[in-house]
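Student: Contents are CSV, N, CA and C atoms; file name entry25.csv:
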chain,number,residue,atom,x,y,z
A,1,MET,N,-11.7,45.1,72.1
A,1,MET,CA,-12.9,44.3,71.7
A,1,MET,C,-14.1,45.3,71.5
A,2,ILE,N,-14.8,45.0,70.4
A,2,ILE,CA,-16.0,45.8,70.1
A,2,ILE,C,-17.2,44.8,70.0
A,3,ILE,N,-18.3,45.2,70.7
A,3,ILE,CA,-19.5,44.5,70.5
A,3,ILE,C,-20.4,45.3,69.6
A,4,GLU,N,-20.9,44.7,68.6
A,4,GLU,CA,-21.8,45.4,67.6
A,4,GLU,C,-22.8,44.4,67.0
A,5,PRO,N,-23.8,45.0,66.3
A,5,PRO,CA,-24.7,44.1,65.6
A,5,PRO,C,-24.0,43.3,64.5
A,6,ALA,N,-24.5,42.0,64.5
A,6,ALA,CA,-24.0,41.1,63.4
A,6,ALA,C,-24.9,41.2,62.2
A,7,SER,N,-24.4,40.9,61.1
A,7,SER,CA,-25.3,40.8,59.9
A,7,SER,C,-25.3,39.4,59.3
A,8,ILE,N,-26.1,39.2,58.4
A,8,ILE,CA,-26.2,37.9,57.7
A,8,ILE,C,-24.9,37.5,57.1
A,9,GLY,N,-24.1,38.5,56.7
A,9,GLY,CA,-22.8,38.2,56.2
A,9,GLY,C,-21.8,37.6,57.2
A,10,ASP,N,-22.1,37.7,58.5
A,10,ASP,CA,-21.3,37.1,59.5
A,10,ASP,C,-21.7,35.7,59.8
A,11,ALA,N,-22.8,35.2,59.2
A,11,ALA,CA,-23.4,33.9,59.6
A,11,ALA,C,-22.3,32.8,59.5
A,12,LEU,N,-21.5,32.7,58.5
A,12,LEU,CA,-20.6,31.6,58.4
A,12,LEU,C,-19.6,31.6,59.5
A,13,GLU,N,-19.0,32.8,59.8
A,13,GLU,CA,-18.0,32.9,60.9
A,13,GLU,C,-18.7,32.6,62.3
A,14,ILE,N,-19.9,33.1,62.5
A,14,ILE,CA,-20.6,32.8,63.7
A,14,ILE,C,-20.9,31.3,63.8
A,15,LEU,N,-21.3,30.7,62.8
A,15,LEU,CA,-21.6,29.2,62.8
A,15,LEU,C,-20.3,28.5,63.1
A,16,SER,N,-19.2,28.9,62.5
A,16,SER,CA,-17.9,28.2,62.7
A,16,SER,C,-17.5,28.3,64.2
A,17,LEU,N,-17.7,29.5,64.8
A,17,LEU,CA,-17.3,29.8,66.2
A,17,LEU,C,-18.3,28.9,67.1
A,18,GLN,N,-19.5,28.9,66.7
A,18,GLN,CA,-20.5,28.1,67.5
A,18,GLN,C,-20.1,26.6,67.6
A,19,ARG,N,-19.6,26.1,66.5
A,19,ARG,CA,-19.2,24.7,66.5
A,19,ARG,C,-18.0,24.5,67.4
A,20,VAL,N,-17.1,25.4,67.4
A,20,VAL,CA,-15.9,25.3,68.3
A,20,VAL,C,-16.4,25.4,69.8
A,21,CYS,N,-17.3,26.4,70.0
A,21,CYS,CA,-17.7,26.6,71.4
A,21,CYS,C,-18.5,25.5,72.0
A,22,TYR,N,-19.3,24.8,71.2
A,22,TYR,CA,-20.2,23.8,71.7
A,22,TYR,C,-19.6,22.4,71.8
A,23,GLN,N,-18.3,22.3,71.4
A,23,GLN,CA,-17.6,21.0,71.6
A,23,GLN,C,-17.6,20.6,73.0
A,24,SER,N,-17.4,21.5,73.9
A,24,SER,CA,-17.3,21.2,75.4
A,24,SER,C,-18.7,20.7,75.9
A,25,GLU,N,-19.8,21.3,75.4
A,25,GLU,CA,-21.1,20.8,75.7
A,25,GLU,C,-21.3,19.4,75.2
A,26,ALA,N,-20.9,19.1,74.0
A,26,ALA,CA,-21.1,17.8,73.4
A,26,ALA,C,-20.3,16.8,74.3
A,27,GLU,N,-19.1,17.2,74.7
A,27,GLU,CA,-18.3,16.3,75.6
A,27,GLU,C,-19.1,16.0,76.9
A,28,ILE,N,-19.6,17.0,77.5
A,28,ILE,CA,-20.4,16.8,78.8
A,28,ILE,C,-21.5,15.8,78.6
A,29,TYR,N,-22.2,15.9,77.5
A,29,TYR,CA,-23.4,15.0,77.3
A,29,TYR,C,-23.1,13.8,76.5
A,30,HIS,N,-21.9,13.6,76.0
A,30,HIS,CA,-21.5,12.5,75.1
A,30,HIS,C,-22.4,12.4,73.9
A,31,ASP,N,-22.7,13.6,73.4
A,31,ASP,CA,-23.6,13.7,72.2
A,31,ASP,C,-23.1,14.8,71.3
A,32,TYR,N,-22.6,14.4,70.1
A,32,TYR,CA,-22.1,15.3,69.1
A,32,TYR,C,-23.1,15.7,68.1
A,33,ASN,N,-24.4,15.3,68.3
A,33,ASN,CA,-25.5,15.7,67.4
A,33,ASN,C,-26.4,16.7,68.1
A,34,ILE,N,-25.9,17.5,69.0
A,34,ILE,CA,-26.7,18.6,69.6
A,34,ILE,C,-27.0,19.7,68.5
A,35,PRO,N,-28.1,20.3,68.6
A,35,PRO,CA,-28.5,21.3,67.6
A,35,PRO,C,-27.4,22.3,67.2
A,36,PRO,N,-26.6,22.9,68.2
A,36,PRO,CA,-25.6,23.9,67.7
A,36,PRO,C,-24.5,23.3,66.9
A,37,LEU,N,-24.3,22.0,67.0
A,37,LEU,CA,-23.2,21.4,66.2
A,37,LEU,C,-23.7,20.9,64.8
A,38,ILE,N,-25.0,20.7,64.7
A,38,ILE,CA,-25.5,20.2,63.4
A,38,ILE,C,-26.3,21.3,62.6
A,39,GLN,N,-26.4,22.5,63.2
A,39,GLN,CA,-27.1,23.5,62.5
A,39,GLN,C,-26.4,23.8,61.2
A,40,THR,N,-27.2,24.1,60.2
A,40,THR,CA,-26.6,24.4,58.8
A,40,THR,C,-26.5,25.9,58.6
A,41,LEU,N,-25.7,26.3,57.6
A,41,LEU,CA,-25.5,27.7,57.3
A,41,LEU,C,-26.9,28.3,56.9
A,42,GLU,N,-27.7,27.6,56.2
A,42,GLU,CA,-29.0,28.1,55.8
A,42,GLU,C,-29.9,28.3,57.0
A,43,GLU,N,-29.8,27.4,58.0
A,43,GLU,CA,-30.6,27.6,59.2
A,43,GLU,C,-30.2,28.8,60.0
A,44,ILE,N,-28.9,29.0,60.1
A,44,ILE,CA,-28.5,30.2,60.9
A,44,ILE,C,-28.8,31.5,60.2
A,45,LYS,N,-28.7,31.4,58.8
A,45,LYS,CA,-29.1,32.6,58.0
A,45,LYS,C,-30.6,32.9,58.2
A,46,SER,N,-31.4,31.9,58.3
A,46,SER,CA,-32.8,32.2,58.5
A,46,SER,C,-33.1,32.8,59.8
A,47,GLU,N,-32.3,32.5,60.8
A,47,GLU,CA,-32.5,33.0,62.2
A,47,GLU,C,-32.3,34.5,62.2
A,48,PHE,N,-31.5,35.1,61.2
A,48,PHE,CA,-31.3,36.5,61.2
A,48,PHE,C,-32.7,37.3,61.0
A,49,GLY,N,-33.7,36.6,60.5
A,49,GLY,CA,-35.0,37.2,60.3
A,49,GLY,C,-35.8,37.2,61.6
A,50,GLU,N,-35.4,36.3,62.6
A,50,GLU,CA,-36.2,36.2,63.8
A,50,GLU,C,-35.5,36.8,65.0
A,51,TYR,N,-34.2,36.7,65.0
A,51,TYR,CA,-33.3,37.1,66.2
A,51,TYR,C,-32.6,38.4,65.9
A,52,SER,N,-32.2,39.1,67.0
A,52,SER,CA,-31.2,40.1,66.9
A,52,SER,C,-29.9,39.5,67.3
A,53,PHE,N,-28.9,39.6,66.4
A,53,PHE,CA,-27.6,39.0,66.7
A,53,PHE,C,-26.6,40.1,67.0
A,54,LEU,N,-25.7,39.9,68.0
A,54,LEU,CA,-24.6,40.7,68.3
A,54,LEU,C,-23.3,39.9,68.1
A,55,LYS,N,-22.2,40.6,67.9
A,55,LYS,CA,-20.9,39.9,67.8
A,55,LYS,C,-19.9,40.7,68.5
A,56,ALA,N,-19.0,40.0,69.1
A,56,ALA,CA,-17.8,40.6,69.8
A,56,ALA,C,-16.6,40.4,68.8
A,57,VAL,N,-16.0,41.5,68.5
A,57,VAL,CA,-14.9,41.4,67.5
A,57,VAL,C,-13.6,41.9,68.1
A,58,LYS,N,-12.6,41.2,67.8
A,58,LYS,CA,-11.2,41.5,68.3
A,58,LYS,C,-10.3,41.2,67.2
A,59,ASP,N,-9.4,42.1,66.8
A,59,ASP,CA,-8.4,41.9,65.7
A,59,ASP,C,-9.1,41.4,64.5
A,60,ASP,N,-10.3,42.0,64.1
A,60,ASP,CA,-11.0,41.7,62.9
A,60,ASP,C,-11.6,40.2,62.9
A,61,ARG,N,-11.6,39.6,64.0
A,61,ARG,CA,-12.2,38.2,64.1
A,61,ARG,C,-13.4,38.2,65.1
A,62,ILE,N,-14.4,37.5,64.8
A,62,ILE,CA,-15.5,37.3,65.7
A,62,ILE,C,-15.1,36.3,66.8
A,63,ILE,N,-15.1,36.8,68.1
A,63,ILE,CA,-14.7,35.9,69.2
A,63,ILE,C,-15.8,35.6,70.1
A,64,GLY,N,-17.0,36.2,69.8
A,64,GLY,CA,-18.2,35.9,70.7
A,64,GLY,C,-19.4,36.4,69.9
A,65,SER,N,-20.5,35.8,70.4
A,65,SER,CA,-21.8,36.2,69.7
A,65,SER,C,-23.0,35.8,70.7
A,66,VAL,N,-24.1,36.5,70.5
A,66,VAL,CA,-25.3,36.1,71.2
A,66,VAL,C,-26.5,36.5,70.3
A,67,ARG,N,-27.6,35.8,70.4
A,67,ARG,CA,-28.8,36.1,69.6
A,67,ARG,C,-29.9,36.1,70.6
A,68,ALA,N,-30.9,36.9,70.3
A,68,ALA,CA,-32.1,37.0,71.2
A,68,ALA,C,-33.3,37.5,70.4
A,69,ARG,N,-34.5,37.1,70.9
A,69,ARG,CA,-35.7,37.6,70.3
A,69,ARG,C,-36.8,37.6,71.3
A,70,MET,N,-37.8,38.4,71.1
A,70,MET,CA,-39.0,38.5,71.9
A,70,MET,C,-39.8,37.2,71.7
A,71,ILE,N,-40.3,36.6,72.8
A,71,ILE,CA,-41.1,35.4,72.7
A,71,ILE,C,-42.5,35.6,73.1
A,72,THR,N,-42.7,36.5,74.1
A,72,THR,CA,-44.0,37.0,74.5
A,72,THR,C,-43.9,38.4,74.9
A,73,PRO,N,-44.9,39.2,75.0
A,73,PRO,CA,-44.8,40.6,75.5
A,73,PRO,C,-44.1,40.6,76.8
A,74,GLY,N,-43.0,41.3,76.9
A,74,GLY,CA,-42.3,41.4,78.2
A,74,GLY,C,-41.2,40.4,78.4
A,75,THR,N,-41.1,39.4,77.6
A,75,THR,CA,-40.1,38.3,77.8
A,75,THR,C,-39.3,38.2,76.5
A,76,PHE,N,-38.0,38.2,76.7
A,76,PHE,CA,-37.2,37.8,75.5
A,76,PHE,C,-36.3,36.6,75.8
A,77,TYR,N,-35.9,35.9,74.8
A,77,TYR,CA,-35.2,34.7,74.9
A,77,TYR,C,-33.8,34.9,74.3
A,78,ILE,N,-32.8,34.5,75.1
A,78,ILE,CA,-31.4,34.5,74.6
A,78,ILE,C,-31.0,33.1,74.2
A,79,GLY,N,-30.5,33.1,73.0
A,79,GLY,CA,-30.1,31.8,72.4
A,79,GLY,C,-28.6,31.8,72.0
A,80,ARG,N,-28.0,30.8,72.3
A,80,ARG,CA,-26.6,30.5,71.8
A,80,ARG,C,-25.6,31.6,72.1
A,81,LEU,N,-25.4,31.9,73.4
A,81,LEU,CA,-24.3,32.8,73.8
A,81,LEU,C,-23.0,32.0,73.7
A,82,ILE,N,-22.1,32.5,72.8
A,82,ILE,CA,-20.9,31.8,72.6
A,82,ILE,C,-19.7,32.8,72.7
A,83,VAL,N,-18.6,32.2,73.3
A,83,VAL,CA,-17.4,32.9,73.4
A,83,VAL,C,-16.3,31.9,73.1
A,84,HIS,N,-15.3,32.3,72.2
A,84,HIS,CA,-14.2,31.4,71.9
A,84,HIS,C,-13.5,31.0,73.2
A,85,PRO,N,-13.2,29.7,73.2
A,85,PRO,CA,-12.5,29.2,74.4
A,85,PRO,C,-11.3,30.0,74.9
A,86,ASP,N,-10.6,30.5,74.0
A,86,ASP,CA,-9.4,31.4,74.4
A,86,ASP,C,-9.8,32.7,75.0
A,87,SER,N,-11.0,33.1,74.9
A,87,SER,CA,-11.5,34.4,75.4
A,87,SER,C,-12.5,34.2,76.6
A,88,GLN,N,-12.7,33.0,77.0
A,88,GLN,CA,-13.6,32.7,78.1
A,88,GLN,C,-13.1,33.1,79.4
A,89,ASN,N,-13.9,33.3,80.4
A,89,ASN,CA,-13.6,33.7,81.8
A,89,ASN,C,-12.9,35.1,81.9
A,90,GLN,N,-13.3,36.0,80.9
A,90,GLN,CA,-12.8,37.3,80.9
A,90,GLN,C,-14.0,38.3,80.9
A,91,GLY,N,-15.2,37.9,81.2
A,91,GLY,CA,-16.4,38.7,81.3
A,91,GLY,C,-17.0,39.0,80.0
A,92,MET,N,-16.6,38.4,78.9
A,92,MET,CA,-17.2,38.7,77.6
A,92,MET,C,-18.6,38.2,77.5
A,93,GLY,N,-19.0,37.1,78.1
A,93,GLY,CA,-20.3,36.6,78.1
A,93,GLY,C,-21.3,37.6,78.8
A,94,SER,N,-20.8,38.1,79.9
A,94,SER,CA,-21.6,39.1,80.6
A,94,SER,C,-21.8,40.3,79.8
A,95,LYS,N,-20.8,40.8,79.1
A,95,LYS,CA,-20.9,42.0,78.3
A,95,LYS,C,-21.9,41.8,77.2
A,96,LEU,N,-21.8,40.6,76.5
A,96,LEU,CA,-22.7,40.3,75.5
A,96,LEU,C,-24.2,40.2,76.0
A,97,ILE,N,-24.4,39.6,77.1
A,97,ILE,CA,-25.7,39.6,77.7
A,97,ILE,C,-26.2,41.0,78.0
A,98,GLY,N,-25.4,41.8,78.6
A,98,GLY,CA,-25.7,43.2,78.9
A,98,GLY,C,-26.1,44.0,77.7
A,99,GLU,N,-25.3,43.8,76.6
A,99,GLU,CA,-25.6,44.6,75.4
A,99,GLU,C,-26.9,44.1,74.7
A,100,ILE,N,-27.2,42.8,74.7
A,100,ILE,CA,-28.4,42.3,74.1
A,100,ILE,C,-29.6,42.7,74.9
A,101,GLU,N,-29.4,42.8,76.2
A,101,GLU,CA,-30.5,43.3,77.1
A,101,GLU,C,-30.9,44.7,76.7
A,102,ASN,N,-30.0,45.5,76.3
A,102,ASN,CA,-30.2,46.9,75.9
A,102,ASN,C,-31.1,46.9,74.6
A,103,LYS,N,-31.1,45.9,73.8
A,103,LYS,CA,-31.9,45.8,72.6
A,103,LYS,C,-33.3,45.6,72.9
A,104,PHE,N,-33.7,45.2,74.1
A,104,PHE,CA,-35.0,44.9,74.5
A,104,PHE,C,-35.4,45.6,75.7
A,105,PRO,N,-35.5,47.0,75.7
A,105,PRO,CA,-35.7,47.8,76.9
A,105,PRO,C,-37.1,47.5,77.5
A,106,GLU,N,-38.1,47.1,76.6
A,106,GLU,CA,-39.4,46.8,77.1
A,106,GLU,C,-39.6,45.5,77.9
A,107,ALA,N,-38.6,44.7,77.8
A,107,ALA,CA,-38.6,43.3,78.4
A,107,ALA,C,-38.5,43.4,79.9
A,108,GLU,N,-39.3,42.7,80.6
A,108,GLU,CA,-39.2,42.6,82.1
A,108,GLU,C,-38.6,41.2,82.5
A,109,ARG,N,-38.5,40.3,81.5
A,109,ARG,CA,-38.0,39.0,81.9
A,109,ARG,C,-37.1,38.5,80.7
A,110,LEU,N,-36.0,37.8,81.1
A,110,LEU,CA,-35.1,37.2,80.1
A,110,LEU,C,-35.1,35.7,80.4
A,111,GLU,N,-35.2,34.9,79.3
A,111,GLU,CA,-35.1,33.5,79.4
A,111,GLU,C,-33.8,33.0,78.7
A,112,PHE,N,-33.1,32.1,79.3
A,112,PHE,CA,-31.9,31.6,78.8
A,112,PHE,C,-31.9,30.1,79.2
A,113,ILE,N,-31.9,29.2,78.2
A,113,ILE,CA,-31.9,27.8,78.4
A,113,ILE,C,-30.6,27.2,78.3
A,114,THR,N,-30.2,26.3,79.3
A,114,THR,CA,-29.0,25.6,79.2
A,114,THR,C,-29.2,24.2,79.8
A,115,GLY,N,-28.4,23.3,79.5
A,115,GLY,CA,-28.5,21.9,79.9
A,115,GLY,C,-28.3,21.7,81.4
A,116,HIS,N,-28.9,20.7,81.9
A,116,HIS,CA,-28.8,20.5,83.4
A,116,HIS,C,-27.3,20.1,83.8
A,117,LYS,N,-26.5,19.7,82.9
A,117,LYS,CA,-25.1,19.3,83.3
A,117,LYS,C,-24.2,20.5,83.0
A,118,SER,N,-24.7,21.6,82.5
A,118,SER,CA,-23.8,22.7,82.2
A,118,SER,C,-23.6,23.6,83.4
A,119,LEU,N,-23.0,23.1,84.4
A,119,LEU,CA,-22.8,23.8,85.7
A,119,LEU,C,-22.1,25.1,85.6
A,120,LYS,N,-21.1,25.1,84.7
A,120,LYS,CA,-20.3,26.4,84.6
A,120,LYS,C,-21.2,27.5,84.1
A,121,ILE,N,-22.0,27.2,83.1
A,121,ILE,CA,-22.9,28.3,82.6
A,121,ILE,C,-24.0,28.6,83.7
A,122,SER,N,-24.6,27.6,84.3
A,122,SER,CA,-25.6,27.9,85.4
A,122,SER,C,-25.0,28.7,86.5
A,123,ASN,N,-23.8,28.4,86.9
A,123,ASN,CA,-23.1,29.2,88.0
A,123,ASN,C,-22.8,30.6,87.6
A,124,SER,N,-22.4,30.8,86.3
A,124,SER,CA,-22.1,32.1,85.8
A,124,SER,C,-23.4,33.0,85.8
A,125,MET,N,-24.5,32.3,85.4
A,125,MET,CA,-25.8,33.1,85.4
A,125,MET,C,-26.2,33.4,86.8
A,126,LYS,N,-26.1,32.5,87.7
A,126,LYS,CA,-26.4,32.9,89.1
A,126,LYS,C,-25.6,34.0,89.6
A,127,GLU,N,-24.3,34.0,89.3
A,127,GLU,CA,-23.4,35.1,89.8
A,127,GLU,C,-23.8,36.4,89.1
A,128,GLY,N,-24.4,36.3,88.0
A,128,GLY,CA,-24.8,37.5,87.3
A,128,GLY,C,-26.1,38.0,87.8
A,129,GLY,N,-26.7,37.4,88.8
A,129,GLY,CA,-28.0,37.8,89.4
A,129,GLY,C,-29.2,37.2,88.8
A,130,PHE,N,-29.0,36.2,87.9
A,130,PHE,CA,-30.2,35.5,87.3
A,130,PHE,C,-30.7,34.4,88.2
A,131,GLU,N,-32.0,34.2,88.2
A,131,GLU,CA,-32.6,33.1,88.9
A,131,GLU,C,-32.7,31.9,88.1
A,132,ILE,N,-32.4,30.7,88.6
A,132,ILE,CA,-32.5,29.5,87.9
A,132,ILE,C,-33.8,28.8,88.1
A,133,PHE,N,-34.5,28.4,87.0
A,133,PHE,CA,-35.7,27.7,87.1
A,133,PHE,C,-35.6,26.3,86.4
A,134,LYS,N,-36.1,25.3,87.0
A,134,LYS,CA,-36.1,24.0,86.4
A,134,LYS,C,-37.4,23.8,85.7
A,135,PRO,N,-37.4,23.2,84.5
A,135,PRO,CA,-38.7,22.9,83.9
A,135,PRO,C,-39.5,21.8,84.6
A,136,LYS,N,-40.8,21.9,84.5
A,136,LYS,CA,-41.7,20.8,85.1
A,136,LYS,C,-41.6,19.6,84.1
A,137,ASN,N,-41.6,18.5,84.7
A,137,ASN,CA,-41.6,17.2,83.9
A,137,ASN,C,-43.0,16.8,83.6
Please render this file's structure as structure tokens.
Tutor:
Amino acid sequence: MIIEPASIGDALEILSLQRVCYQSEAEIYHDYNIPPLIQTLEEIKSEFGEYSFLKAVKDDRIIGSVRARMITPGTFYIGRLIVHPDSQNQGMGSKLIGEIENKFPEAERLEFITGHKSLKISNSMKEGGFEIFKPKN
């Protein structure tokens, strides 16, 4: 497996993978209209202007991806960390986070948002040494 920068030419394959990966989230929330499932090809292509994208490639197929961008000085935001279901629980998500962190050496803080019912993701982040914050209502 190789982790490398993704290009806009990878947008369709990343979007297809995103739709596969977010099916489990849609099931948890009983909502199949969540943004990752209804995002268009044009929308994801436009994100290549705002975000740094990485892809994990195995056997010439993208099996994982992550995108991130600076949101304030010292803070970067990770969006849509995805790993194909057949490749989950093998440390790929952690590797993608580690590699995207290297793209932002000036950052002191990382923000990653996930749903309150996404316990698997929250627990993985805690195990990775991240602190969980709940938004104020």
Student: To test your reading of the structure, identify every residue in chain A that backbone DSSP assigns to strand (DSSP E or B), and report it as a PyMOL selection string.
Tutor: chain A and resi 2-5+52-58+61-72+75-83+109-112
Student: Could you state the separation of atom C of A:Ile2 and atom CA of A:Arg61 in Å, given to one decimal place?
Tutor: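 Atom-to-atom, atom C of A:Ile2 to atom CA of A:Arg61, that is 10.2 Å.
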Student: How far is it from atom CA of A:Gly64 to atom C of A:Phe104, in Å with one decimal?
Tutor: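 Computed distance, atom CA of A:Gly64 to atom C of A:Phe104, equals 20.4 Å.
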Student: Closest to A:Ile3 among A:Arg19, A:Pro36, A:Ile82, A:Ala56, using only N, CA and C atoms?
Tutor: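 Nearest to A:Ile3: A:Ala56.
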Student: Can you list every residue in chain A that DSSP puts in helix (DSSP H, G or I), as a compact mmCIF listing (two decimals) with N, CA and C atoms, in the frame of the given file?
Tutor:
# COMPACT_ATOMS: atom_id res chain seq x y z
N ILE A 8 -26.10 39.20 58.40
CA ILE A 8 -26.20 37.90 57.70
C ILE A 8 -24.90 37.50 57.10
N GLY A 9 -24.10 38.50 56.70
CA GLY A 9 -22.80 38.20 56.20
C GLY A 9 -21.80 37.60 57.20
N ASP A 10 -22.10 37.70 58.50
CA ASP A 10 -21.30 37.10 59.50
C ASP A 10 -21.70 35.70 59.80
N ALA A 11 -22.80 35.20 59.20
CA ALA A 11 -23.40 33.90 59.60
C ALA A 11 -22.30 32.80 59.50
N LEU A 12 -21.50 32.70 58.50
CA LEU A 12 -20.60 31.60 58.40
C LEU A 12 -19.60 31.60 59.50
N GLU A 13 -19.00 32.80 59.80
CA GLU A 13 -18.00 32.90 60.90
C GLU A 13 -18.70 32.60 62.30
N ILE A 14 -19.90 33.10 62.50
CA ILE A 14 -20.60 32.80 63.70
C ILE A 14 -20.90 31.30 63.80
N LEU A 15 -21.30 30.70 62.80
CA LEU A 15 -21.60 29.20 62.80
C LEU A 15 -20.30 28.50 63.10
N SER A 16 -19.20 28.90 62.50
CA SER A 16 -17.90 28.20 62.70
C SER A 16 -17.50 28.30 64.20
N LEU A 17 -17.70 29.50 64.80
CA LEU A 17 -17.30 29.80 66.20
C LEU A 17 -18.30 28.90 67.10
N GLN A 18 -19.50 28.90 66.70
CA GLN A 18 -20.50 28.10 67.50
C GLN A 18 -20.10 26.60 67.60
N ARG A 19 -19.60 26.10 66.50
CA ARG A 19 -19.20 24.70 66.50
C ARG A 19 -18.00 24.50 67.40
N VAL A 20 -17.10 25.40 67.40
CA VAL A 20 -15.90 25.30 68.30
C VAL A 20 -16.40 25.40 69.80
N CYS A 21 -17.30 26.40 70.00
CA CYS A 21 -17.70 26.60 71.40
C CYS A 21 -18.50 25.50 72.00
N GLN A 23 -18.30 22.30 71.40
CA GLN A 23 -17.60 21.00 71.60
C GLN A 23 -17.60 20.60 73.00
N SER A 24 -17.40 21.50 73.90
CA SER A 24 -17.30 21.20 75.40
C SER A 24 -18.70 20.70 75.90
N GLU A 25 -19.80 21.30 75.40
CA GLU A 25 -21.10 20.80 75.70
C GLU A 25 -21.30 19.40 75.20
N ALA A 26 -20.90 19.10 74.00
CA ALA A 26 -21.10 17.80 73.40
C ALA A 26 -20.30 16.80 74.30
N GLU A 27 -19.10 17.20 74.70
CA GLU A 27 -18.30 16.30 75.60
C GLU A 27 -19.10 16.00 76.90
N ILE A 28 -19.60 17.00 77.50
CA ILE A 28 -20.40 16.80 78.80
C ILE A 28 -21.50 15.80 78.60
N TYR A 29 -22.20 15.90 77.50
CA TYR A 29 -23.40 15.00 77.30
C TYR A 29 -23.10 13.80 76.50
N PRO A 35 -28.10 20.30 68.60
CA PRO A 35 -28.50 21.30 67.60
C PRO A 35 -27.40 22.30 67.20
N PRO A 36 -26.60 22.90 68.20
CA PRO A 36 -25.60 23.90 67.70
C PRO A 36 -24.50 23.30 66.90
N LEU A 37 -24.30 22.00 67.00
CA LEU A 37 -23.20 21.40 66.20
C LEU A 37 -23.70 20.90 64.80
N ILE A 38 -25.00 20.70 64.70
CA ILE A 38 -25.50 20.20 63.40
C ILE A 38 -26.30 21.30 62.60
N LEU A 41 -25.70 26.30 57.60
CA LEU A 41 -25.50 27.70 57.30
C LEU A 41 -26.90 28.30 56.90
N GLU A 42 -27.70 27.60 56.20
CA GLU A 42 -29.00 28.10 55.80
C GLU A 42 -29.90 28.30 57.00
N GLU A 43 -29.80 27.40 58.00
CA GLU A 43 -30.60 27.60 59.20
C GLU A 43 -30.20 28.80 60.00
N ILE A 44 -28.90 29.00 60.10
CA ILE A 44 -28.50 30.20 60.90
C ILE A 44 -28.80 31.50 60.20
N LYS A 45 -28.70 31.40 58.80
CA LYS A 45 -29.10 32.60 58.00
C LYS A 45 -30.60 32.90 58.20
N SER A 46 -31.40 31.90 58.30
CA SER A 46 -32.80 32.20 58.50
C SER A 46 -33.10 32.80 59.80
N GLU A 47 -32.30 32.50 60.80
CA GLU A 47 -32.50 33.00 62.20
C GLU A 47 -32.30 34.50 62.20
N PRO A 85 -13.20 29.70 73.20
CA PRO A 85 -12.50 29.20 74.40
C PRO A 85 -11.30 30.00 74.90
N ASP A 86 -10.60 30.50 74.00
CA ASP A 86 -9.40 31.40 74.40
C ASP A 86 -9.80 32.70 75.00
N SER A 87 -11.00 33.10 74.90
CA SER A 87 -11.50 34.40 75.40
C SER A 87 -12.50 34.20 76.60
N MET A 92 -16.60 38.40 78.90
CA MET A 92 -17.20 38.70 77.60
C MET A 92 -18.60 38.20 77.50
N GLY A 93 -19.00 37.10 78.10
CA GLY A 93 -20.30 36.60 78.10
C GLY A 93 -21.30 37.60 78.80
N SER A 94 -20.80 38.10 79.90
CA SER A 94 -21.60 39.10 80.60
C SER A 94 -21.80 40.30 79.80
N LYS A 95 -20.80 40.80 79.10
CA LYS A 95 -20.90 42.00 78.30
C LYS A 95 -21.90 41.80 77.20
N LEU A 96 -21.80 40.60 76.50
CA LEU A 96 -22.70 40.30 75.50
C LEU A 96 -24.20 40.20 76.00
N ILE A 97 -24.40 39.60 77.10
CA ILE A 97 -25.70 39.60 77.70
C ILE A 97 -26.20 41.00 78.00
N GLY A 98 -25.40 41.80 78.60
CA GLY A 98 -25.70 43.20 78.90
C GLY A 98 -26.10 44.00 77.70
N GLU A 99 -25.30 43.80 76.60
CA GLU A 99 -25.60 44.60 75.40
C GLU A 99 -26.90 44.10 74.70
N ILE A 100 -27.20 42.80 74.70
CA ILE A 100 -28.40 42.30 74.10
C ILE A 100 -29.60 42.70 74.90
N GLU A 101 -29.40 42.80 76.20
CA GLU A 101 -30.50 43.30 77.10
C GLU A 101 -30.90 44.70 76.70
N ASN A 102 -30.00 45.50 76.30
CA ASN A 102 -30.20 46.90 75.90
C ASN A 102 -31.10 46.90 74.60
N LEU A 119 -23.00 23.10 84.40
CA LEU A 119 -22.80 23.80 85.70
C LEU A 119 -22.10 25.10 85.60
N LYS A 120 -21.10 25.10 84.70
CA LYS A 120 -20.30 26.40 84.60
C LYS A 120 -21.20 27.50 84.10
N ILE A 121 -22.00 27.20 83.10
CA ILE A 121 -22.90 28.30 82.60
C ILE A 121 -24.00 28.60 83.70
N SER A 122 -24.60 27.60 84.30
CA SER A 122 -25.60 27.90 85.40
C SER A 122 -25.00 28.70 86.50
N ASN A 123 -23.80 28.40 86.90
CA ASN A 123 -23.10 29.20 88.00
C ASN A 123 -22.80 30.60 87.60
N SER A 124 -22.40 30.80 86.30
CA SER A 124 -22.10 32.10 85.80
C SER A 124 -23.40 33.00 85.80
N MET A 125 -24.50 32.30 85.40
CA MET A 125 -25.80 33.10 85.40
C MET A 125 -26.20 33.40 86.80
N LYS A 126 -26.10 32.50 87.70
CA LYS A 126 -26.40 32.90 89.10
C LYS A 126 -25.60 34.00 89.60
N GLU A 127 -24.30 34.00 89.30
CA GLU A 127 -23.40 35.10 89.80
C GLU A 127 -23.80 36.40 89.10
Student: Determine the nearest neighbour of A:Gln18 from the options A:Asp59, A:Ile44, A:Ile78, A:Leu37, counting only N, CA and C atoms.
Tutor: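 Ranked by minimum distance to A:Gln18, first place goes to A:Leu37.
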Student: Kindly indicate which residue among A:Glu13, A:Glu108, A:Glu99, A:Asp31 lies nearest to A:Val66, using only C-alpha atoms for the distances.
Tutor: A:Glu99
Student: For A:Arg67, which residue out of A:Ser24, A:Gln90, A:Asp10, A:Ile100 is the nearest one, using all atoms listed in the file?
Tutor: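 Closest residue, counting all atoms listed in the file: A:Ile100.
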Student: Please determine the residues with any atom at most 6.5 Å from (-16.2, 36.4, 72.8) (coordinates as given in the file, with only N, CA and C atoms counting) and report them as a list in words.
Tutor: Ala56, Ile62, Ile63, Gly64, Ser65, Ile82, Val83, His84, Ser87, Gln88, Met92 and Gly93 of chain A
Student: Using atom C of A:Leu12 and atom CA of A:Asp86 as the two end points, give the distance in Å to one decimal.
Tutor: 18.1 Å
Student: Measuring atom to atom with all atoms listed in the file, identify which of A:Val20, A:Leu41, A:Glu106, A:Gly49 is nearest to A:Gly74.
Tutor: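 Checking each of A:Val20, A:Leu41, A:Glu106, A:Gly49 against A:Gly74, counting all atoms listed in the file, the winner is A:Glu106.
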